[in-house]
>>> print(open('coords.csv').read())   # CSV, C-alpha atoms (C1' of nucleotides)
chain,number,residue,atom,x,y,z
A,194,MET,CA,145.4,153.1,-37.5
A,195,LYS,CA,142.1,154.3,-38.8
A,196,LYS,CA,139.6,155.5,-36.3
A,197,LEU,CA,136.0,154.3,-36.5
A,198,PRO,CA,134.0,157.0,-38.3
A,199,ARG,CA,131.3,159.1,-36.7
A,200,PRO,CA,128.4,157.3,-38.4
A,201,PHE,CA,129.5,154.1,-36.6
A,202,TYR,CA,128.4,155.7,-33.3
A,203,ASP,CA,125.4,157.5,-34.8
A,204,ARG,CA,123.2,154.3,-34.7
A,205,ASP,CA,121.1,152.1,-32.5
A,206,THR,CA,122.8,151.7,-29.2
A,207,VAL,CA,122.4,147.9,-29.1
A,208,GLU,CA,123.9,147.6,-32.6
A,209,VAL,CA,126.9,149.7,-31.6
A,210,ALA,CA,127.4,147.7,-28.4
A,211,LYS,CA,127.5,144.4,-30.4
A,212,ASP,CA,129.7,145.8,-33.1
A,213,LEU,CA,132.2,147.2,-30.6
A,214,LEU,CA,133.1,143.6,-29.5
A,215,GLY,CA,136.4,142.7,-31.1
A,216,MET,CA,137.4,146.3,-31.8
A,217,TRP,CA,140.5,147.9,-30.3
A,218,LEU,CA,140.4,150.6,-27.7
A,219,VAL,CA,143.5,152.8,-28.0
A,220,HIS,CA,144.8,155.5,-25.7
A,221,HIS,CA,148.0,157.6,-26.3
A,222,ASP,CA,149.0,159.4,-23.2
A,223,GLY,CA,151.7,161.4,-25.0
A,224,LYS,CA,154.4,158.8,-24.5
A,225,THR,CA,152.8,155.4,-24.2
A,226,GLU,CA,150.3,153.8,-26.5
A,227,ARG,CA,148.0,151.4,-24.6
A,228,ILE,CA,145.6,149.0,-26.5
A,229,GLY,CA,142.9,146.7,-25.3
A,230,ARG,CA,140.6,144.5,-27.4
A,231,ILE,CA,136.9,145.1,-26.4
A,232,VAL,CA,135.3,141.9,-25.2
A,233,GLU,CA,132.4,143.1,-23.0
A,234,THR,CA,129.9,145.9,-23.4
A,235,GLU,CA,126.5,147.1,-22.1
A,236,SER,CA,123.9,149.4,-23.7
A,237,TYR,CA,122.2,152.2,-21.9
A,238,LEU,CA,119.4,153.3,-24.2
A,239,GLY,CA,118.4,156.8,-23.0
A,240,PRO,CA,116.2,158.7,-20.5
A,241,HIS,CA,113.5,156.1,-20.7
A,242,ASP,CA,115.9,153.4,-19.6
A,243,LEU,CA,115.8,153.6,-15.8
A,244,ALA,CA,119.2,152.0,-15.5
A,245,ALA,CA,120.9,154.8,-17.5
A,246,HIS,CA,122.3,157.9,-15.8
A,247,SER,CA,120.4,160.0,-18.3
A,248,ALA,CA,117.1,158.7,-16.8
A,249,LYS,CA,117.6,161.5,-14.2
A,250,GLY,CA,117.5,164.1,-16.9
A,251,ARG,CA,120.2,166.4,-18.3
A,252,THR,CA,122.6,167.4,-15.6
A,253,LYS,CA,126.2,168.6,-15.5
A,254,ARG,CA,127.3,165.0,-15.1
A,255,THR,CA,125.2,163.5,-17.9
A,256,ASP,CA,125.7,166.4,-20.3
A,257,VAL,CA,128.1,164.4,-22.5
A,258,MET,CA,125.5,161.7,-23.1
A,259,PHE,CA,123.1,164.3,-24.6
A,260,GLY,CA,125.8,165.5,-26.9
A,261,PRO,CA,126.9,164.2,-30.3
A,262,PRO,CA,127.9,160.5,-30.8
A,263,GLY,CA,131.5,159.3,-30.8
A,264,HIS,CA,132.5,161.0,-27.6
A,265,ALA,CA,133.7,159.5,-24.3
A,266,TYR,CA,131.6,159.6,-21.2
A,267,VAL,CA,133.8,159.0,-18.2
A,268,TYR,CA,132.4,159.0,-14.6
A,269,LEU,CA,133.5,158.3,-11.1
A,270,ILE,CA,131.7,155.4,-9.4
A,271,TYR,CA,131.8,154.4,-5.7
A,272,GLY,CA,134.3,157.2,-5.1
A,273,MET,CA,137.2,155.2,-6.4
A,274,TYR,CA,136.7,153.8,-9.8
A,275,ARG,CA,136.1,155.2,-13.3
A,276,CYS,CA,133.9,153.8,-16.0
A,277,LEU,CA,134.3,154.5,-19.7
A,278,ASN,CA,131.3,154.9,-22.0
A,279,VAL,CA,130.9,155.7,-25.7
A,280,VAL,CA,128.1,158.1,-26.7
A,281,THR,CA,125.7,156.8,-29.3
A,282,MET,CA,122.7,158.0,-31.3
A,283,PRO,CA,122.2,161.6,-32.7
A,284,GLU,CA,122.8,164.6,-30.5
A,285,GLY,CA,119.9,165.1,-28.1
A,286,HIS,CA,119.3,161.4,-27.5
A,287,ALA,CA,121.2,160.5,-24.3
A,288,ALA,CA,122.4,156.9,-25.0
A,289,ALA,CA,125.8,155.3,-24.5
A,290,VAL,CA,127.6,152.0,-24.5
A,291,LEU,CA,129.6,151.1,-21.3
A,292,ILE,CA,132.9,149.3,-22.0
A,293,ARG,CA,133.0,146.6,-19.3
A,294,ALA,CA,136.1,144.7,-20.2
A,295,VAL,CA,139.0,144.5,-22.6
A,296,GLU,CA,141.7,141.9,-23.5
A,297,PRO,CA,145.2,143.3,-23.0
A,298,ILE,CA,146.9,143.9,-26.4
A,299,LYS,CA,149.7,146.4,-25.7
A,300,ASN,CA,151.2,148.2,-22.6
A,301,CYS,CA,148.2,147.5,-20.4
A,302,ASP,CA,149.0,148.4,-16.8
A,303,GLY,CA,147.4,145.7,-14.6
A,304,LYS,CA,144.1,143.9,-14.9
A,305,THR,CA,141.4,144.8,-17.5
A,306,LYS,CA,138.6,142.5,-16.4
A,307,GLY,CA,136.0,145.1,-15.4
A,308,PRO,CA,135.0,148.7,-16.1
A,309,GLY,CA,137.0,150.2,-13.2
A,310,LEU,CA,140.0,148.1,-13.8
A,311,LEU,CA,140.3,148.7,-17.6
A,312,CYS,CA,140.3,152.5,-16.9
A,313,ASN,CA,143.2,152.0,-14.6
A,314,ALA,CA,145.1,149.7,-17.0
A,315,LEU,CA,144.7,152.1,-20.0
A,316,HIS,CA,145.2,155.2,-17.8
A,317,ILE,CA,141.8,156.7,-18.6
A,318,GLY,CA,140.9,159.4,-16.1
A,319,MET,CA,138.3,162.1,-15.6
A,320,PRO,CA,140.1,164.6,-17.9
A,321,LEU,CA,139.0,162.4,-20.8
A,322,ASN,CA,135.4,162.9,-20.0
A,323,GLY,CA,133.8,164.5,-23.1
A,324,ALA,CA,136.8,163.7,-25.4
A,325,ASP,CA,136.1,163.2,-29.1
A,326,LEU,CA,136.9,159.7,-30.3
A,327,LEU,CA,137.8,161.2,-33.6
A,328,GLY,CA,140.8,163.5,-33.6
A,329,GLY,CA,142.0,162.9,-30.0
A,330,ASN,CA,144.4,160.6,-28.2
A,331,LEU,CA,141.6,158.2,-27.2
A,332,PHE,CA,139.9,156.3,-30.0
A,333,ILE,CA,138.6,153.0,-31.2
A,334,THR,CA,139.8,151.2,-34.3
A,335,LYS,CA,139.2,148.0,-36.2
A,336,PRO,CA,142.1,145.5,-36.0
A,337,ASN,CA,143.7,144.3,-39.2
A,338,ASN,CA,142.9,140.7,-38.6
A,339,PRO,CA,139.4,140.9,-37.1
A,340,GLU,CA,138.0,137.7,-35.6
A,341,THR,CA,134.3,137.6,-35.8
A,342,PRO,CA,133.3,137.0,-32.1
A,343,THR,CA,130.5,134.8,-31.0
A,344,ILE,CA,128.3,137.1,-29.0
A,345,VAL,CA,126.5,136.1,-25.7
A,346,LYS,CA,123.6,138.2,-24.4
A,347,ARG,CA,123.0,138.6,-20.6
A,348,PRO,CA,121.2,141.1,-18.3
A,349,ARG,CA,123.3,144.1,-17.2
A,350,VAL,CA,125.3,144.0,-14.0
A,351,GLY,CA,124.6,146.1,-10.9
A,352,VAL,CA,121.3,147.6,-12.0
A,353,ASP,CA,118.8,145.6,-10.0
A,354,TYR,CA,117.1,148.9,-8.9
A,355,ALA,CA,115.9,149.5,-12.5
A,356,GLY,CA,112.8,147.3,-12.3
A,357,LYS,CA,111.9,145.7,-15.6
A,358,TRP,CA,114.9,147.3,-17.3
A,359,ALA,CA,117.2,145.2,-15.1
A,360,LYS,CA,116.0,142.1,-16.9
A,361,ARG,CA,116.6,143.3,-20.5
A,362,LEU,CA,119.4,141.5,-22.3
A,363,LEU,CA,121.6,144.6,-22.9
A,364,ARG,CA,125.0,143.1,-21.8
A,365,PHE,CA,127.1,141.6,-24.6
A,366,TYR,CA,130.3,139.7,-24.4
A,367,VAL,CA,132.6,137.5,-26.4
A,368,LYS,CA,131.8,133.8,-25.7
A,369,ASP,CA,134.4,131.9,-23.7
A,370,ASN,CA,136.8,134.9,-23.6
A,371,PRO,CA,138.8,134.7,-20.3
A,372,PHE,CA,138.9,138.5,-19.9
A,373,VAL,CA,135.1,138.9,-19.5
A,374,SER,CA,134.1,140.1,-16.0
A,375,LYS,CA,132.3,137.9,-13.5
A,376,ARG,CA,130.2,134.7,-14.1
B,186,DT,C1',123.7,172.6,3.7
B,187,DG,C1',123.2,167.7,4.6
B,188,DC,C1',122.9,163.0,3.4
B,189,DA,C1',122.0,158.5,1.1
B,190,DC,C1',123.6,155.9,-2.5
B,191,DG,C1',125.8,153.9,-6.4
B,192,DA,C1',126.8,151.0,-14.3
B,193,DT,C1',133.0,148.4,-8.6
B,194,DG,C1',136.6,145.4,-6.8
B,195,DA,C1',139.1,143.0,-3.3
B,196,DA,C1',139.3,140.9,1.0
B,197,DC,C1',137.5,137.9,4.4
C,101,DT,C1',129.2,139.3,2.8
C,102,DT,C1',131.6,143.5,4.0
C,103,DC,C1',134.1,147.5,3.2
C,104,DA,C1',136.8,151.4,1.1
C,105,DT,C1',135.6,156.2,-0.5
C,106,DC,C1',133.4,160.6,-2.6
C,107,DG,C1',130.8,163.1,-6.3
C,108,DT,C1',126.0,163.6,-7.5
C,109,DG,C1',121.2,164.5,-6.9
C,110,DC,C1',117.6,165.5,-4.1
C,111,DA,C1',115.5,166.3,0.3
C,112,DC,C1',115.3,169.8,3.9
>>> encode(input="coords.csv", output="structure tokens")
Amino acid sequence: MKKLPRPFYDRDTVEVAKDLLGMWLVHHDGKTERIGRIVETESYLGPHDLAAHSAKGRTKRTDVMFGPPGHAYVYLIYGMYRCLNVVTMPEGHAAAVLIRAVEPIKNCDGKTKGPGLLCNALHIGMPLNGADLLGGNLFITKPNNPETPTIVKRPRVGVDYAGKWAKRLLRFYVKDNPFVSKR
DNA sequence: TGCACGATGAAC
DNA sequence: TTCATCGTGCAC
């Protein structure tokens, strides 16, 4: 399988979020290969986006977001779930795309309908924070028989605190796909 | 050093 | 609607 190239991620965050729909997220944990088809994403544009973690500035936690594109940003939320993001835009611009849901393709361990659940199902843990999506065991690839998805735009989930940024249509998902979270 | 609060999910 | 559960960021 051919990994998506670096320039794919080194682009506008909204474009990357939309283009990721339909792609395959692959994780090799040494023995098992687990694959999910990305059906839901959200864009976090950068420090000016009050809903993004990078809005608080560069800290130990958000460091990966400020780094080069094509890396994984994994963080712990609510003390019990992990969320997977993909870093976009050139190094220095702290933007990322949150993978919110995938459709099980191969060896998925449980539900994948939500950012916390898909990390469980694909066995994505904190050790993968900062991992390069080119050259490691975690990557994204374009399937051989790509279906062109019909894309639906909605406001992001769980960011009501972000004022006007909460209203922006920065959540994207595949229309009518049963594995999209909520609503 | 302490504390309030989530880019969630499941149960009630 | 409530709760489980804990690292992070910011106030003291």
>>> residues_near_point(input="coords.csv", point="(121.3, 155.7, -7.9)", cutoff="10 Å", atoms="only C-alpha atoms (C1' of nucleotides)", output="VMD selection string")
(chain A and resid 243 to 246 249 352 354 to 355) or (chain B and resid 189 to 192) or (chain C and resid 108 to 109)
>>> closest_residue(input="coords.csv", among="A:Val207, A:Met258, A:Met194, A:Met216", to="A:Asn330", atoms="all atoms listed in the file")
A:Met194
>>> residues_around(input="coords.csv", residues="C:DC112", least_positions_apart="5", cutoff="12 Å", atoms="all atoms listed in the file", output="VMD selection string")
chain B and resid 186 to 188
>>> residues_around(input="coords.csv", residues="A:Gly328", least_positions_apart="6", cutoff="12 Å", atoms="all atoms listed in the file", output="PyMOL selection string")
chain A and resi 195-199+220-221+263-264
>>> atom_distance(input="coords.csv", atom1="atom CA of A:Leu311", atom2="atom CA of A:Gly250")
27.5 Å
>>> atom_distance(input="coords.csv", atom1="atom CA of A:Val279", atom2="atom CA of A:Asp203")
10.8 Å
>>> decode(input="coords.csv", residues="chain B", atoms="N, CA and C atoms (P, O5', C5', C4', C3', O3' and C1' of nucleotides)", output="PDB file, in the first residue's frame")
ATOM      1  P    DT B 186       5.332  21.040  45.808  1.00  0.00           P
ATOM      2  O5'  DT B 186       3.776  21.390  45.885  1.00  0.00           O
ATOM      3  C5'  DT B 186       3.333  22.149  47.003  1.00  0.00           C
ATOM      4  C4'  DT B 186       1.885  22.544  46.810  1.00  0.00           C
ATOM      5  C3'  DT B 186       0.940  21.389  46.456  1.00  0.00           C
ATOM      6  O3'  DT B 186      -0.221  21.504  47.273  1.00  0.00           O
ATOM      7  C1'  DT B 186       0.700  23.100  44.862  1.00  0.00           C
ATOM      8  P    DG B 187      -1.452  20.461  47.180  1.00  0.00           P
ATOM      9  O5'  DG B 187      -2.569  21.356  46.481  1.00  0.00           O
ATOM     10  C5'  DG B 187      -2.871  22.645  47.020  1.00  0.00           C
ATOM     11  C4'  DG B 187      -3.980  23.288  46.207  1.00  0.00           C
ATOM     12  C3'  DG B 187      -5.146  22.351  45.919  1.00  0.00           C
ATOM     13  O3'  DG B 187      -6.340  23.110  45.992  1.00  0.00           O
ATOM     14  C1'  DG B 187      -4.219  23.107  43.867  1.00  0.00           C
ATOM     15  P    DC B 188      -7.773  22.393  46.079  1.00  0.00           P
ATOM     16  O5'  DC B 188      -8.352  22.820  44.661  1.00  0.00           O
ATOM     17  C5'  DC B 188      -8.278  24.193  44.232  1.00  0.00           C
ATOM     18  C4'  DC B 188      -8.805  24.307  42.817  1.00  0.00           C
ATOM     19  C3'  DC B 188      -9.915  23.304  42.506  1.00  0.00           C
ATOM     20  O3'  DC B 188     -10.848  23.914  41.654  1.00  0.00           O
ATOM     21  C1'  DC B 188      -8.181  23.009  40.988  1.00  0.00           C
ATOM     22  P    DA B 189     -12.432  23.648  41.789  1.00  0.00           P
ATOM     23  O5'  DA B 189     -12.988  24.351  40.464  1.00  0.00           O
ATOM     24  C5'  DA B 189     -12.313  25.486  39.920  1.00  0.00           C
ATOM     25  C4'  DA B 189     -12.261  25.371  38.406  1.00  0.00           C
ATOM     26  C3'  DA B 189     -13.496  24.700  37.800  1.00  0.00           C
ATOM     27  O3'  DA B 189     -13.816  25.358  36.590  1.00  0.00           O
ATOM     28  C1'  DA B 189     -11.560  23.464  37.217  1.00  0.00           C
ATOM     29  P    DC B 190     -15.122  24.961  35.715  1.00  0.00           P
ATOM     30  O5'  DC B 190     -14.428  24.170  34.524  1.00  0.00           O
ATOM     31  C5'  DC B 190     -13.456  24.829  33.711  1.00  0.00           C
ATOM     32  C4'  DC B 190     -12.931  23.852  32.679  1.00  0.00           C
ATOM     33  C3'  DC B 190     -14.042  23.009  32.017  1.00  0.00           C
ATOM     34  O3'  DC B 190     -13.742  22.859  30.644  1.00  0.00           O
ATOM     35  C1'  DC B 190     -12.400  21.605  32.895  1.00  0.00           C
ATOM     36  P    DG B 191     -14.735  23.178  29.439  1.00  0.00           P
ATOM     37  O5'  DG B 191     -15.404  21.745  29.213  1.00  0.00           O
ATOM     38  C5'  DG B 191     -15.307  21.017  27.965  1.00  0.00           C
ATOM     39  C4'  DG B 191     -13.906  20.907  27.493  1.00  0.00           C
ATOM     40  C3'  DG B 191     -13.613  19.790  26.510  1.00  0.00           C
ATOM     41  O3'  DG B 191     -12.428  20.058  25.815  1.00  0.00           O
ATOM     42  C1'  DG B 191     -12.668  19.239  28.570  1.00  0.00           C
ATOM     43  P    DA B 192     -11.962  20.430  24.456  1.00  0.00           P
ATOM     44  O5'  DA B 192     -12.543  19.505  23.292  1.00  0.00           O
ATOM     45  C5'  DA B 192     -13.910  19.581  22.868  1.00  0.00           C
ATOM     46  C4'  DA B 192     -14.124  18.631  21.707  1.00  0.00           C
ATOM     47  C3'  DA B 192     -13.687  17.191  21.975  1.00  0.00           C
ATOM     48  O3'  DA B 192     -14.465  16.296  21.190  1.00  0.00           O
ATOM     49  C1'  DA B 192     -12.334  18.116  20.284  1.00  0.00           C
ATOM     50  P    DT B 193     -15.806  15.648  22.015  1.00  0.00           P
ATOM     51  O5'  DT B 193     -15.163  14.549  22.987  1.00  0.00           O
ATOM     52  C5'  DT B 193     -14.366  13.480  22.467  1.00  0.00           C
ATOM     53  C4'  DT B 193     -14.794  12.168  23.074  1.00  0.00           C
ATOM     54  C3'  DT B 193     -16.026  11.564  22.423  1.00  0.00           C
ATOM     55  O3'  DT B 193     -15.716  10.241  22.036  1.00  0.00           O
ATOM     56  C1'  DT B 193     -16.276  11.594  24.776  1.00  0.00           C
ATOM     57  P    DG B 194     -16.756   9.354  21.208  1.00  0.00           P
ATOM     58  O5'  DG B 194     -17.461   8.497  22.344  1.00  0.00           O
ATOM     59  C5'  DG B 194     -16.624   7.696  23.154  1.00  0.00           C
ATOM     60  C4'  DG B 194     -17.431   6.934  24.168  1.00  0.00           C
ATOM     61  C3'  DG B 194     -18.687   6.259  23.609  1.00  0.00           C
ATOM     62  O3'  DG B 194     -18.760   4.992  24.224  1.00  0.00           O
ATOM     63  C1'  DG B 194     -19.281   7.660  25.402  1.00  0.00           C
ATOM     64  P    DA B 195     -19.824   3.876  23.710  1.00  0.00           P
ATOM     65  O5'  DA B 195     -20.598   3.546  25.063  1.00  0.00           O
ATOM     66  C5'  DA B 195     -19.834   3.394  26.270  1.00  0.00           C
ATOM     67  C4'  DA B 195     -20.776   3.425  27.446  1.00  0.00           C
ATOM     68  C3'  DA B 195     -22.107   2.716  27.176  1.00  0.00           C
ATOM     69  O3'  DA B 195     -22.474   2.012  28.336  1.00  0.00           O
ATOM     70  C1'  DA B 195     -22.516   4.926  27.825  1.00  0.00           C
ATOM     71  P    DA B 196     -23.825   1.045  28.273  1.00  0.00           P
ATOM     72  O5'  DA B 196     -24.416   1.376  29.716  1.00  0.00           O
ATOM     73  C5'  DA B 196     -23.589   1.982  30.717  1.00  0.00           C
ATOM     74  C4'  DA B 196     -24.451   2.788  31.669  1.00  0.00           C
ATOM     75  C3'  DA B 196     -25.861   2.211  31.880  1.00  0.00           C
ATOM     76  O3'  DA B 196     -26.237   2.377  33.230  1.00  0.00           O
ATOM     77  C1'  DA B 196     -26.029   4.412  31.088  1.00  0.00           C
ATOM     78  P    DC B 197     -27.564   1.603  33.833  1.00  0.00           P
ATOM     79  O5'  DC B 197     -28.457   2.778  34.416  1.00  0.00           O
ATOM     80  C5'  DC B 197     -27.876   4.021  34.831  1.00  0.00           C
ATOM     81  C4'  DC B 197     -28.956   5.102  34.893  1.00  0.00           C
ATOM     82  C3'  DC B 197     -30.378   4.534  35.001  1.00  0.00           C
ATOM     83  O3'  DC B 197     -31.141   5.328  35.882  1.00  0.00           O
ATOM     84  C1'  DC B 197     -30.246   5.944  33.143  1.00  0.00           C
TER      85       DC B 197
END
